[in-house]
Amino acid sequence: MAPSATLSADSYSRSYSTPTIALDGVPSFAFAFDIDGVLLRSSSPIPGAKEALRFLHDNSIPFILLTNGGGKHESARVLELSKKLGVPLSEENFVQSHTPFKQLVQGSEEVKGLKDKTVLVTGGDGDKCRQVAEMYGFKNVITPGDILMAYPSIWPFNQIFSDYYQKSTRPLPRPVDHDNPANSLKIDAVFVFNDPRDWALDSQVILDLLLSKEGILGTYSDKNGDPSLPNNGWQQDNQPALYFSNPDLFWATNYHLPRLGQGGFQASLEGVWNATTGGAELARTTIGKPCQETYDYAEKVLNKHRTQLLGGRGETKHDIRKLNRVFMVGDNPESDIRGANNFKSPIGTEWISVLVKTGVFRSGTTPEYSPKVIVDDVFEAVKWALKVEGWPGRAER
């Protein structure tokens, strides 16, 4: 897809002949902010971030935080972020990469619910992602560490991380017994909730499950490599569905160069899969930015939050007009900018991409996916958007 043209702030502002502020002062626009590289670098606020969010909060201009990060429950993360950024946040205006996985607990017309199934969860520190999954409503959650501690021979270099896993593992609900598959551990879905810490073990366990018969660990499907079947028989024997919570190859940390993220692990696993299967397709579902499903979910969260913020509650509840525009402020052209540019809002809201220079994007380079505008930081992004909208207030550092 060819990148769209990046405009200057002034030329973009002039492209709108009239402001979109209602007579009652209720904004018909809102913001979506990435976190790492936009509001925080590692765990410290980026200059101007606190002031930008405080201005929006004080003027009742709706915003959500939309991040490809995760690894903790939303309630814990918003508590941390509220303290660091100096504004009250809640789960009502916060979406992490794995937040949409909540929908898979009960399922839908297209996807069967996994509430009572056995799921493998990986990523994050210790078993925090297991705890998140359980808080979402998944009842039977295991980790690769659980399997390793019960069956150390599954990975020959198990001693390296044994002390780490001992602190967070639990007994398996069933044994791994490939000689008696009917009573053996069966996995119904695999979730990569956050960046894996032990790529080697996680890759091995996930590969074993993708090659298994019906998700029974320790088995090998006799359909694998069968040329008479679709995809030469690979993943054609009711193996568990594979889910990734984001595709980010890199992300911004306190190191001066971007570091590998969950997308790096996905690329590594796909490389091993290709070498194992001779290039068969790896069936998986990836959410997170820039995926349409994540932006669709985020827009629903934003509209619900906007209605609660501006429409009142109880006896004071009143209708508010449609959300016209969302300014997506991000540092990663591959996820933030690409996602906003490509998103097709089901309700006709326009998403405008704004790229900042405080994260993954390197100033002086040409991004593959061009934003509507490039600014120095999140504070300048908010100032620019307010000018575009003709907002009467002025944000000050």
# chains A, B, ... in the order shown; residues from 1 in each chain; ligands from 1
>>> select_by_dssp(residues="stretch 176-287 of chain A", states="helix (DSSP H, G or I)", output="number ranges by chain")
A: 181-183, 199-210, 230-233, 262-277
>>> write_last_selection(atoms="N, CA and C atoms", output="CSV table (one decimal), in the first residue's frame")
chain,number,residue,atom,x,y,z
A,181,PRO,N,-3.6,-41.1,25.1
A,181,PRO,CA,-4.1,-39.8,24.7
A,181,PRO,C,-5.4,-39.4,25.3
A,182,ALA,N,-6.3,-40.3,25.5
A,182,ALA,CA,-7.6,-40.0,26.1
A,182,ALA,C,-7.5,-39.3,27.4
A,183,ASN,N,-6.5,-39.6,28.2
A,183,ASN,CA,-6.3,-39.1,29.5
A,183,ASN,C,-5.2,-38.1,29.6
A,199,TRP,N,12.0,-17.4,24.9
A,199,TRP,CA,11.6,-17.7,23.5
A,199,TRP,C,11.8,-19.2,23.2
A,200,ALA,N,12.9,-19.7,23.7
A,200,ALA,CA,13.2,-21.1,23.3
A,200,ALA,C,12.2,-22.1,23.8
A,201,LEU,N,11.8,-22.1,25.1
A,201,LEU,CA,10.8,-23.0,25.7
A,201,LEU,C,9.5,-22.7,25.0
A,202,ASP,N,9.1,-21.4,24.9
A,202,ASP,CA,7.8,-21.1,24.4
A,202,ASP,C,7.7,-21.6,22.9
A,203,SER,N,8.7,-21.4,22.2
A,203,SER,CA,8.7,-21.8,20.8
A,203,SER,C,8.5,-23.3,20.7
A,204,GLN,N,9.3,-24.1,21.5
A,204,GLN,CA,9.2,-25.5,21.5
A,204,GLN,C,7.8,-26.0,21.9
A,205,VAL,N,7.2,-25.5,22.9
A,205,VAL,CA,5.9,-26.0,23.4
A,205,VAL,C,4.8,-25.6,22.3
A,206,ILE,N,4.9,-24.4,21.8
A,206,ILE,CA,3.9,-24.0,20.8
A,206,ILE,C,4.0,-24.9,19.6
A,207,LEU,N,5.3,-25.1,19.1
A,207,LEU,CA,5.5,-25.9,17.9
A,207,LEU,C,5.0,-27.4,18.2
A,208,ASP,N,5.2,-27.9,19.3
A,208,ASP,CA,4.7,-29.3,19.7
A,208,ASP,C,3.2,-29.3,19.5
A,209,LEU,N,2.5,-28.3,20.0
A,209,LEU,CA,1.1,-28.3,19.9
A,209,LEU,C,0.6,-28.1,18.5
A,210,LEU,N,1.2,-27.3,17.7
A,210,LEU,CA,0.8,-27.1,16.3
A,210,LEU,C,1.0,-28.4,15.5
A,230,PRO,N,-5.5,-30.0,2.5
A,230,PRO,CA,-5.1,-28.6,2.4
A,230,PRO,C,-3.9,-28.3,3.3
A,231,ASN,N,-3.1,-27.3,2.8
A,231,ASN,CA,-1.8,-26.9,3.5
A,231,ASN,C,-0.9,-28.1,3.8
A,232,ASN,N,-1.0,-29.1,2.8
A,232,ASN,CA,-0.2,-30.4,3.0
A,232,ASN,C,-0.4,-31.0,4.3
A,233,GLY,N,-1.6,-30.9,4.9
A,233,GLY,CA,-1.9,-31.6,6.1
A,233,GLY,C,-1.5,-30.9,7.4
A,262,GLN,N,7.0,-8.4,20.6
A,262,GLN,CA,6.3,-9.7,20.4
A,262,GLN,C,6.3,-10.1,18.9
A,263,GLY,N,6.4,-9.1,18.0
A,263,GLY,CA,6.4,-9.4,16.6
A,263,GLY,C,7.7,-10.1,16.2
A,264,GLY,N,8.8,-9.8,17.0
A,264,GLY,CA,10.0,-10.5,16.8
A,264,GLY,C,9.9,-12.0,17.1
A,265,PHE,N,9.2,-12.3,18.2
A,265,PHE,CA,9.0,-13.7,18.6
A,265,PHE,C,8.1,-14.4,17.6
A,266,GLN,N,7.1,-13.7,17.1
A,266,GLN,CA,6.2,-14.3,16.1
A,266,GLN,C,7.0,-14.6,14.8
A,267,ALA,N,7.9,-13.7,14.4
A,267,ALA,CA,8.7,-13.9,13.2
A,267,ALA,C,9.6,-15.1,13.4
A,268,SER,N,10.2,-15.2,14.6
A,268,SER,CA,11.1,-16.3,14.9
A,268,SER,C,10.3,-17.6,14.9
A,269,LEU,N,9.1,-17.7,15.5
A,269,LEU,CA,8.3,-18.9,15.5
A,269,LEU,C,7.9,-19.3,14.1
A,270,GLU,N,7.6,-18.3,13.3
A,270,GLU,CA,7.2,-18.6,11.9
A,270,GLU,C,8.4,-19.1,11.1
A,271,GLY,N,9.6,-18.6,11.4
A,271,GLY,CA,10.8,-19.1,10.7
A,271,GLY,C,11.0,-20.6,11.1
A,272,VAL,N,10.8,-21.0,12.3
A,272,VAL,CA,11.0,-22.4,12.8
A,272,VAL,C,9.9,-23.2,12.1
A,273,TRP,N,8.7,-22.7,12.1
A,273,TRP,CA,7.5,-23.4,11.4
A,273,TRP,C,7.8,-23.6,9.9
A,274,ASN,N,8.3,-22.6,9.3
A,274,ASN,CA,8.6,-22.8,7.8
A,274,ASN,C,9.7,-23.8,7.6
A,275,ALA,N,10.7,-23.8,8.5
A,275,ALA,CA,11.8,-24.8,8.3
A,275,ALA,C,11.3,-26.2,8.6
A,276,THR,N,10.4,-26.3,9.5
A,276,THR,CA,9.8,-27.6,9.9
A,276,THR,C,8.9,-28.2,8.9
A,277,THR,N,8.1,-27.3,8.3
A,277,THR,CA,7.0,-27.8,7.4
A,277,THR,C,7.3,-27.6,5.9
>>> select_by_dssp(residues="stretch 81-122 of chain A", states="strand (DSSP E or B)", output="PyMOL selection string")
chain A and resi 94-95+107+112+118-122
>>> write_last_selection(atoms="C-alpha atoms", output="mmCIF file, in the first residue's frame")
data_model
loop_
_atom_site.group_PDB
_atom_site.id
_atom_site.type_symbol
_atom_site.label_atom_id
_atom_site.label_comp_id
_atom_site.auth_asym_id
_atom_site.auth_seq_id
_atom_site.Cartn_x
_atom_site.Cartn_y
_atom_site.Cartn_z
ATOM 1 C CA PHE A 94 -7.804 2.044 28.400
ATOM 2 C CA VAL A 95 -7.150 -0.724 25.860
ATOM 3 C CA GLY A 107 -17.291 -16.459 22.346
ATOM 4 C CA LYS A 112 -16.847 -20.856 20.308
ATOM 5 C CA THR A 118 -7.867 -25.493 28.673
ATOM 6 C CA VAL A 119 -5.730 -22.691 27.266
ATOM 7 C CA LEU A 120 -1.970 -22.128 27.185
ATOM 8 C CA VAL A 121 -0.890 -18.576 27.983
ATOM 9 C CA THR A 122 2.628 -17.259 27.513
#
>>> closest_atom_pairs(of="stretch 219-319 of chain A", to="stretch 59-62 of chain A", cutoff="8 Å", atoms="only C-alpha atoms", output="CSV")
residue,atom,partner,partner_atom,distance
A:Leu302,CA,A:Pro62,CA,7.7
A:His305,CA,A:Pro62,CA,7.5
A:Arg306,CA,A:Pro62,CA,5.7
A:Leu309,CA,A:Ser60,CA,7.2
A:Leu310,CA,A:Ser60,CA,7.4
>>> closest_atom_pairs(of="stretch 298-378 of chain A", to="stretch 33-40 of chain A", cutoff="12 Å", atoms="only C-alpha atoms", output="tab-separated table")
residue	atom	partner	partner_atom	distance
A:Ala298	CA	A:Phe33	CA	11.1
A:Leu302	CA	A:Phe33	CA	11.5
A:Val326	CA	A:Phe33	CA	10.1
A:Phe327	CA	A:Phe33	CA	8.2
A:Met328	CA	A:Phe33	CA	6.0
A:Val329	CA	A:Phe33	CA	5.0
A:Gly330	CA	A:Asp34	CA	5.2
A:Asp331	CA	A:Gly37	CA	5.8
A:Asn332	CA	A:Gly37	CA	8.3
A:Pro333	CA	A:Asp34	CA	11.6
A:Ser335	CA	A:Asp34	CA	9.9
A:Asp336	CA	A:Asp34	CA	7.4
A:Ile337	CA	A:Asp34	CA	10.5
A:Gly339	CA	A:Asp34	CA	11.8
A:Ala340	CA	A:Phe33	CA	11.4
A:Ile352	CA	A:Phe33	CA	11.8
A:Ser353	CA	A:Phe33	CA	10.4
A:Val354	CA	A:Phe33	CA	9.7
A:Leu355	CA	A:Val38	CA	9.1
A:Val356	CA	A:Val38	CA	7.0
A:Lys357	CA	A:Gly37	CA	8.3
A:Thr358	CA	A:Gly37	CA	5.5
A:Gly359	CA	A:Gly37	CA	3.8
A:Val360	CA	A:Gly37	CA	6.7
A:Phe361	CA	A:Gly37	CA	9.0
A:Arg362	CA	A:Gly37	CA	11.4
A:Val375	CA	A:Val38	CA	11.3
A:Asp376	CA	A:Val38	CA	10.2
A:Asp377	CA	A:Val38	CA	7.1
A:Val378	CA	A:Val38	CA	6.1
>>> write_last_selection(atoms="C-alpha atoms", output="mmCIF file, in the first residue's frame")
data_model
loop_
_atom_site.group_PDB
_atom_site.id
_atom_site.type_symbol
_atom_site.label_atom_id
_atom_site.label_comp_id
_atom_site.auth_asym_id
_atom_site.auth_seq_id
_atom_site.Cartn_x
_atom_site.Cartn_y
_atom_site.Cartn_z
ATOM 1 C CA ALA A 298 -10.984 0.660 20.579
ATOM 2 C CA LEU A 302 -13.898 5.301 23.129
ATOM 3 C CA VAL A 326 -10.154 10.730 16.395
ATOM 4 C CA PHE A 327 -6.518 11.840 16.486
ATOM 5 C CA MET A 328 -4.331 8.748 16.833
ATOM 6 C CA VAL A 329 -1.003 9.865 18.321
ATOM 7 C CA GLY A 330 1.761 7.290 18.032
ATOM 8 C CA ASP A 331 5.481 6.745 17.594
ATOM 9 C CA ASN A 332 5.434 3.608 15.437
ATOM 10 C CA PRO A 333 4.604 4.003 11.729
ATOM 11 C CA SER A 335 1.389 -0.004 13.998
ATOM 12 C CA ASP A 336 -0.003 3.352 15.134
ATOM 13 C CA ILE A 337 0.114 5.191 11.820
ATOM 14 C CA GLY A 339 -3.592 1.257 11.699
ATOM 15 C CA ALA A 340 -5.138 4.720 11.821
ATOM 16 C CA ILE A 352 -6.212 11.024 11.754
ATOM 17 C CA SER A 353 -2.660 9.769 12.285
ATOM 18 C CA VAL A 354 -0.121 11.933 14.125
ATOM 19 C CA LEU A 355 3.481 10.736 14.420
ATOM 20 C CA VAL A 356 5.782 11.881 17.228
ATOM 21 C CA LYS A 357 9.579 11.806 17.300
ATOM 22 C CA THR A 358 10.005 10.493 20.844
ATOM 23 C CA GLY A 359 9.855 6.754 20.198
ATOM 24 C CA VAL A 360 10.437 4.167 17.481
ATOM 25 C CA PHE A 361 10.349 6.622 14.575
ATOM 26 C CA ARG A 362 13.774 8.055 13.810
ATOM 27 C CA VAL A 375 5.385 16.655 15.364
ATOM 28 C CA ASP A 376 8.064 16.709 18.042
ATOM 29 C CA ASP A 377 6.115 15.184 20.933
ATOM 30 C CA VAL A 378 2.677 14.426 22.355
#
>>> closest_residue(among="A:Gln159, A:Gln103, A:Asn194, A:Ser44", to="A:Cys129", atoms="only C-alpha atoms")
A:Asn194
>>> closest_residue(among="A:Lys115, A:Ser363, A:Ile46, A:Val26", to="A:Arg321", atoms="only C-alpha atoms")
A:Val26
>>> decode(residues="stretch 342-370 of chain A", atoms="N, CA, C and O atoms", output="short mmCIF file (atom, residue, chain, number, x, y, z; two decimals), in the first residue's frame")
data_model
loop_
_atom_site.label_atom_id
_atom_site.label_comp_id
_atom_site.auth_asym_id
_atom_site.auth_seq_id
_atom_site.Cartn_x
_atom_site.Cartn_y
_atom_site.Cartn_z
N ASN A 342 -5.47 3.00 7.81
CA ASN A 342 -6.22 1.94 7.14
C ASN A 342 -7.59 1.64 7.77
O ASN A 342 -8.41 0.98 7.15
N PHE A 343 -7.81 2.12 8.98
CA PHE A 343 -9.03 1.76 9.69
C PHE A 343 -10.28 2.29 9.00
O PHE A 343 -10.37 3.47 8.65
N LYS A 344 -11.22 1.40 8.78
CA LYS A 344 -12.52 1.76 8.20
C LYS A 344 -13.55 1.75 9.31
O LYS A 344 -14.04 0.70 9.72
N SER A 345 -13.86 2.91 9.82
CA SER A 345 -14.79 3.01 10.94
C SER A 345 -16.19 2.59 10.51
O SER A 345 -16.73 3.11 9.53
N PRO A 346 -16.82 1.68 11.23
CA PRO A 346 -18.18 1.26 10.87
C PRO A 346 -19.22 2.35 11.11
O PRO A 346 -20.33 2.25 10.59
N ILE A 347 -18.85 3.39 11.85
CA ILE A 347 -19.80 4.49 12.10
C ILE A 347 -19.39 5.77 11.39
O ILE A 347 -19.98 6.83 11.60
N GLY A 348 -18.36 5.69 10.54
CA GLY A 348 -17.97 6.83 9.72
C GLY A 348 -17.07 7.84 10.39
O GLY A 348 -16.86 8.94 9.85
N THR A 349 -16.50 7.51 11.54
CA THR A 349 -15.58 8.42 12.21
C THR A 349 -14.24 8.44 11.48
O THR A 349 -13.73 7.39 11.09
N GLU A 350 -13.67 9.62 11.30
CA GLU A 350 -12.37 9.75 10.64
C GLU A 350 -11.26 9.63 11.67
O GLU A 350 -11.28 10.29 12.71
N TRP A 351 -10.30 8.77 11.40
CA TRP A 351 -9.12 8.62 12.26
C TRP A 351 -7.94 9.30 11.58
O TRP A 351 -7.61 9.00 10.42
N ILE A 352 -7.31 10.22 12.29
CA ILE A 352 -6.21 11.02 11.75
C ILE A 352 -4.92 10.63 12.47
O ILE A 352 -4.85 10.65 13.70
N SER A 353 -3.91 10.26 11.70
CA SER A 353 -2.66 9.77 12.28
C SER A 353 -1.68 10.91 12.53
O SER A 353 -1.45 11.76 11.67
N VAL A 354 -1.10 10.92 13.72
CA VAL A 354 -0.12 11.93 14.12
C VAL A 354 1.10 11.20 14.66
O VAL A 354 1.00 10.42 15.61
N LEU A 355 2.25 11.43 14.06
CA LEU A 355 3.48 10.74 14.42
C LEU A 355 4.38 11.65 15.25
O LEU A 355 4.62 12.80 14.88
N VAL A 356 4.86 11.12 16.39
CA VAL A 356 5.78 11.88 17.23
C VAL A 356 7.19 11.32 17.09
O VAL A 356 7.39 10.19 16.66
N LYS A 357 8.18 12.14 17.49
CA LYS A 357 9.58 11.81 17.30
C LYS A 357 10.24 11.27 18.57
O LYS A 357 11.48 11.22 18.64
N THR A 358 9.45 10.87 19.54
CA THR A 358 10.00 10.49 20.84
C THR A 358 10.11 8.99 21.06
O THR A 358 10.41 8.55 22.18
N GLY A 359 9.85 8.20 20.02
CA GLY A 359 9.86 6.75 20.20
C GLY A 359 10.56 6.00 19.10
O GLY A 359 11.71 6.29 18.74
N VAL A 360 9.85 5.04 18.50
CA VAL A 360 10.44 4.17 17.48
C VAL A 360 10.86 4.93 16.23
O VAL A 360 11.92 4.67 15.66
N PHE A 361 10.04 5.87 15.79
CA PHE A 361 10.35 6.62 14.57
C PHE A 361 11.63 7.42 14.76
O PHE A 361 11.82 8.11 15.76
N ARG A 362 12.50 7.34 13.77
CA ARG A 362 13.77 8.05 13.81
C ARG A 362 13.69 9.28 12.93
O ARG A 362 13.46 9.20 11.72
N SER A 363 13.86 10.45 13.54
CA SER A 363 13.78 11.71 12.81
C SER A 363 14.79 11.73 11.67
O SER A 363 15.93 11.28 11.82
N GLY A 364 14.37 12.22 10.52
CA GLY A 364 15.23 12.28 9.35
C GLY A 364 15.02 11.13 8.40
O GLY A 364 15.53 11.15 7.27
N THR A 365 14.26 10.11 8.82
CA THR A 365 13.93 8.99 7.95
C THR A 365 12.52 9.17 7.38
O THR A 365 11.74 9.99 7.87
N THR A 366 12.22 8.42 6.35
CA THR A 366 10.89 8.48 5.74
C THR A 366 10.09 7.25 6.16
O THR A 366 10.47 6.13 5.83
N PRO A 367 9.02 7.45 6.94
CA PRO A 367 8.24 6.29 7.39
C PRO A 367 7.55 5.59 6.23
O PRO A 367 7.10 6.22 5.27
N GLU A 368 7.47 4.26 6.31
CA GLU A 368 6.80 3.49 5.25
C GLU A 368 5.33 3.84 5.17
O GLU A 368 4.74 3.87 4.09
N TYR A 369 4.74 4.13 6.31
CA TYR A 369 3.33 4.54 6.36
C TYR A 369 3.30 5.98 6.87
O TYR A 369 3.61 6.24 8.03
N SER A 370 2.93 6.88 5.98
CA SER A 370 3.05 8.30 6.29
C SER A 370 1.87 8.80 7.10
O SER A 370 0.71 8.53 6.77
#
